[in-house]
>>> print(open('run11.txt').read())   # compact mmCIF, C-alpha atoms
# COMPACT_ATOMS: atom_id res chain seq x y z
CA MET A 1345 -31.59 9.98 -0.92
CA ILE A 1346 -29.43 11.45 1.79
CA TRP A 1347 -28.01 7.99 2.55
CA ILE A 1348 -25.71 8.24 -0.46
CA SER A 1349 -24.11 11.37 0.98
CA VAL A 1350 -23.73 9.68 4.36
CA LEU A 1351 -22.09 6.62 2.78
CA LEU A 1352 -19.76 8.86 0.79
CA LEU A 1353 -18.75 10.68 3.98
CA VAL A 1354 -18.14 7.36 5.76
CA PHE A 1355 -16.02 6.22 2.81
CA VAL A 1356 -13.95 9.42 2.91
CA ALA A 1357 -13.52 9.14 6.70
CA LEU A 1358 -12.28 5.56 6.35
CA ILE A 1359 -9.77 6.65 3.75
CA LEU A 1360 -8.49 9.56 5.82
CA PHE A 1361 -8.30 7.88 9.21
CA TRP A 1362 -7.63 4.23 8.46
CA VAL A 1363 -6.26 3.71 4.95
CA ALA A 1364 -4.01 6.77 4.67
CA PRO A 1365 -1.91 5.89 7.75
CA ARG A 1366 -1.41 2.36 6.39
CA ILE A 1367 -0.25 3.78 3.07
CA SER A 1368 2.18 6.09 4.90
CA GLU A 1369 3.66 3.07 6.70
CA TYR A 1370 3.99 1.21 3.40
CA ARG A 1371 5.70 4.18 1.76
CA ALA A 1372 8.11 4.56 4.67
CA THR A 1373 8.96 0.85 4.66
CA LEU A 1374 9.77 0.86 0.96
CA GLY A 1375 11.51 4.24 0.98
CA ILE A 1376 9.18 5.72 -1.63
CA ASP A 1377 9.50 9.22 -0.15
CA GLU A 1378 13.27 9.08 -0.61
CA GLN A 1379 12.78 7.88 -4.18
CA ILE A 1380 10.45 10.84 -4.82
CA ALA A 1381 13.09 13.25 -3.53
CA GLU A 1382 15.67 11.70 -5.85
CA ALA A 1383 13.41 11.54 -8.94
CA GLY A 1384 14.24 14.09 -11.59
CA LYS A 1385 11.24 14.35 -13.88
CA PHE A 1386 7.84 15.60 -12.73
CA ARG A 1387 6.16 12.57 -14.30
CA ASP A 1388 8.36 10.20 -12.28
CA ARG A 1389 7.67 12.09 -9.04
CA LEU A 1390 3.91 12.08 -9.72
CA TRP A 1391 3.88 8.33 -10.47
CA LEU A 1392 5.75 7.57 -7.25
CA ARG A 1393 3.33 9.73 -5.27
CA ILE A 1394 0.24 7.89 -6.51
CA LYS A 1395 1.86 4.45 -6.52
CA GLY A 1396 0.05 3.29 -3.38
CA LEU A 1397 -3.19 5.09 -4.13
CA LYS A 1398 -4.42 3.23 -7.20
CA THR A 1399 -7.10 1.25 -5.36
CA ILE A 1400 -8.31 4.34 -3.52
CA ILE A 1401 -8.49 6.31 -6.75
CA VAL A 1402 -10.64 3.56 -8.32
CA GLY A 1403 -12.93 3.60 -5.29
CA VAL A 1404 -13.29 7.38 -5.20
CA ILE A 1405 -14.07 7.56 -8.92
CA GLY A 1406 -16.63 4.78 -8.50
CA ALA A 1407 -18.25 6.44 -5.50
CA LEU A 1408 -18.49 9.72 -7.39
CA ALA A 1409 -19.91 7.95 -10.44
CA ILE A 1410 -22.69 6.59 -8.27
CA ALA A 1411 -23.29 9.76 -6.24
CA ILE A 1412 -23.25 12.39 -9.00
CA PRO A 1413 -26.40 11.23 -10.87
CA GLU A 1414 -28.29 10.97 -7.57
CA ALA A 1415 -27.09 14.40 -6.47
CA LEU A 1416 -28.05 15.96 -9.81
CA GLN A 1417 -31.51 14.44 -9.48
CA MET A 1418 -31.92 15.64 -5.91
CA PHE A 1419 -30.51 19.17 -6.15
CA ALA A 1420 -31.01 20.24 -9.77
CA GLY A 1421 -33.87 18.03 -10.92
CA ILE A 1422 -31.77 16.62 -13.75
CA ASN A 1423 -32.72 13.02 -14.42
CA LEU A 1424 -29.91 11.07 -16.06
CA ALA A 1425 -31.78 7.75 -15.94
CA PRO A 1426 -32.67 7.80 -19.67
CA LEU A 1427 -28.98 8.25 -20.50
CA ILE A 1428 -27.33 5.91 -18.01
CA GLY A 1429 -30.09 3.35 -17.48
CA GLY A 1430 -31.75 2.06 -14.37
CA ASP A 1431 -29.00 -0.39 -13.49
CA TRP A 1432 -26.24 2.25 -13.40
CA ASN A 1433 -25.29 1.55 -9.78
CA ALA A 1434 -24.90 -2.17 -10.49
CA LYS A 1435 -22.68 -1.48 -13.51
CA VAL A 1436 -20.50 0.91 -11.53
CA GLY A 1437 -20.32 -1.57 -8.66
CA VAL A 1438 -19.02 -4.27 -10.99
CA CYS A 1439 -16.46 -1.85 -12.43
CA ILE A 1440 -15.29 -0.92 -8.93
CA ALA A 1441 -14.93 -4.59 -8.01
CA ILE A 1442 -12.94 -5.36 -11.16
CA GLY A 1443 -10.79 -2.23 -10.79
CA THR A 1444 -9.94 -2.86 -7.16
CA ALA A 1445 -9.18 -6.52 -7.85
CA ILE A 1446 -6.76 -5.52 -10.61
CA THR A 1447 -5.08 -2.83 -8.52
CA HIS A 1448 -4.79 -5.22 -5.56
CA VAL A 1449 -3.09 -7.84 -7.72
CA VAL A 1450 -0.75 -5.20 -9.14
CA GLY A 1451 -0.02 -3.99 -5.60
CA ILE A 1452 0.66 -7.48 -4.30
CA VAL A 1453 3.03 -8.21 -7.17
CA SER A 1454 4.79 -4.86 -6.63
CA SER A 1455 5.11 -5.53 -2.90
CA ALA A 1456 6.52 -8.98 -3.53
CA LYS A 1457 9.21 -7.50 -5.77
CA ALA A 1458 10.02 -4.60 -3.42
CA GLU A 1459 12.83 -4.78 -0.93
CA PRO A 1460 12.27 -3.05 2.41
CA MET A 1461 14.75 -0.39 3.39
CA LYS A 1462 17.18 -1.29 6.11
CA GLU A 1463 16.65 0.50 9.38
CA PRO A 1464 19.57 2.66 10.51
CA GLU A 1465 21.57 1.00 13.27
>>> encode(input="run11.txt", output="structure tokens")
Amino acid sequence: MIWISVLLLVFVALILFWVAPRISEYRATLGIDEQIAEAGKFRDRLWLRIKGLKTIIVGVIGALAIAIPEALQMFAGINLAPLIGGDWNAKVGVCIAIGTAITHVVGIVSSAKAEPMKEPE
């Protein structure tokens, strides 16, 4: 089942080379990096850092949840099928879809409320 590893690598490459630059543009437009510099508490700085990454975090956790049982079966011979059931991938897929839908709606609402920073003249 090497295809799972290949799909995971493709997913990571998409995040690094396509999604991450878009997130950087979003953060620059909204001035999130300046807000991070001004934030006092560690918790506030951490929340601002992951603000645009919620959907990606859901996707990465979902991809790992699908890949780890397969990898354990392939490399260590540990079969988790009796514990997680045969339809594990379908359940995780539904959870990923629900999670990304929720984080997209939250992101859209946040973007609608945000005011872009004014460019220096």
>>> atom_distance(input="run11.txt", atom1="atom CA of A:Gly1375", atom2="atom CA of A:Leu1360")
21.3 Å
>>> closest_residue(input="run11.txt", among="A:Ile1400, A:Leu1390, A:Ala1381, A:Ile1367", to="A:Phe1355", atoms="all atoms listed in the file")
A:Ile1400
>>> residues_around(input="run11.txt", residues="A:Gly1406", least_positions_apart="6", cutoff="12 Å", atoms="all atoms listed in the file", output="PyMOL selection string")
chain A and resi 1352+1355+1399-1400+1412-1413+1432-1444
>>> atom_distance(input="run11.txt", atom1="atom CA of A:Lys1395", atom2="atom CA of A:Gly1451")
8.7 Å
>>> atom_distance(input="run11.txt", atom1="atom CA of A:Ile1394", atom2="atom CA of A:Ser1368")
11.7 Å
>>> residues_around(input="run11.txt", residues="A:Gln1379", least_positions_apart="4", cutoff="10 Å", atoms="only C-alpha atoms", output="ChimeraX atom specification")
/A:1371,1374-1375,1383-1384,1388-1389,1392-1393
>>> closest_residue(input="run11.txt", among="A:Val1350, A:Ile1401, A:Val1363, A:Glu1382", to="A:Thr1447", atoms="all atoms listed in the file")
A:Ile1401
>>> residues_around(input="run11.txt", residues="A:Ala1415", least_positions_apart="4", cutoff="9 Å", atoms="all atoms listed in the file", output="list of chain:residue names")
A:Met1345, A:Ile1348, A:Ser1349, A:Ala1411, A:Phe1419, A:Ala1420, A:Gly1421, A:Ile1422
>>> closest_residue(input="run11.txt", among="A:Ile1359, A:Leu1351, A:Val1453, A:Ile1346", to="A:Leu1408", atoms="all atoms listed in the file")
A:Leu1351
>>> axis_aligned_box(input="run11.txt", around="stretch 1406-1418 of chain A", padding_each_side="5 Å", output="lines of an AutoDock Vina configuration file")
center_x = -24.3
center_y = 10.4
center_z = -8.2
size_x = 25.3
size_y = 21.2
size_z = 15.4
